[in-house]
Amino acid sequence: MVQFYKNINRQTLEIEQPDGANWINVTPPFQENEIDNLSVSLDIPRDFLTDTLDIEERARYESEDGVRLLILKTPVENKSVNESDAYYVTIPISIIITNRSQVLTVNSFENVAIRRFLNTFAKRHPERPNMMVLKIFEKVVMDFMEVLKEINHRRNILEQKLYDANRNEELLYLMRVQKSLVYLVMALRSNELLLMKMERTNFLNCDEEEREFLADLIVEFSQALEMADTYTNILSSTMDAFASIINNNMNIVMKRLTAITIILSVPALVAAFFGMNVKFPYENSPVGLYIAIFLSVIISVVLSLYFNKKRWF
């Protein structure tokens, strides 16, 4: 699906044709020959329009025949039915600046950052393609921040559940959070490197105001990356700590069961002595039963006190 937008009287309006459009947004589902027709009508290399269909595409920029391509990674919620997959993954977005100074975005999935840009792009500098591109980057980093906060909230809830009851389910959910953070860290790192390279090479031919805005974006991506690294380290430490706690709890349970088994085996051992086919004092007297019971109780109490002193209980 291809949508054409134009800023008219500081309002974002959808139009029918690409002529005069400030921004062109391409999203699934793709109709037959839609990509080819768009490539011909806007004089854009076809590869620029299809690169983002590969979700593993890395963040980079490229220029061909005056058409500039930027690819950055953005987070999306994972719709997979597999319960072991990450809560969030990252997908590429293509931003293309045409020879007509039009900005074209290509998404392989529905994207929150693009929708945010749609709601705000007409308010400031709609006629400046560079600023439009930088505004998209701004919405993407905001999306990263919100996703990181959501992941950290999930982590706190799961940790609290683990404090109350050490169950495998919470550990599996924490693994899904950890996978999400891995995707986000890698995407943020590649986006940060892309922006730094853009600043160093002045790929967009920015003016002074745009260079300052780009520098601010680099700082924001760096902050998001530090946040993601911090959450990753905290989660790794938490999982290691809970793994040690679970192992320690298992050892404690085994010690208690061993101690209980030893204590319960004492009456059976005393009864076995009295039941042997050998001469034994008070063998034929009722007193022998009381002696066996007395010895069993005394030895069991002594063992219980000893194990309690050793903190086996």
# chains A, B, ... in the order shown; residues from 1 in each chain; ligands from 1

$ select_by_dssp --residues "region 25-246 of chain A" --states "alpha helix (DSSP H)" --output "count of residues only"
132

$ select_by_dssp --residues "region 26-166 of chain A" --states "strand (DSSP E)" --output "PyMOL selection string"
chain A and resi 26+60-64+67-77+88-97+103-107

$ residues_around --residues "Pro45 (chain A)" --least-positions-apart "3" --cutoff "12 Å" --atoms "only C-alpha atoms" --output "PyMOL selection string"
chain A and resi 35-42+48-51+62-69+96-99

$ closest_residue --among "A:Tyr183, A:Glu169, A:Val270, A:Glu210" --to "Lys135 (chain A)" --atoms "only C-alpha atoms"
A:Glu210

$ residues_around --residues "Val106 (chain A)" --least-positions-apart "5" --cutoff "6 Å" --atoms "only C-alpha atoms" --output "list in words"
Val26, Ile93 and Ser94 of chain A

$ closest_residue --among "A:Tyr87, A:Phe203, A:Phe221, A:Phe144" --to "Met175 (chain A)" --atoms "only C-alpha atoms"
A:Tyr87

$ closest_residue --among "A:Phe137, A:Glu83, A:Ile55, A:Leu148" --to "Asn107 (chain A)" --atoms "only C-alpha atoms"
A:Ile55
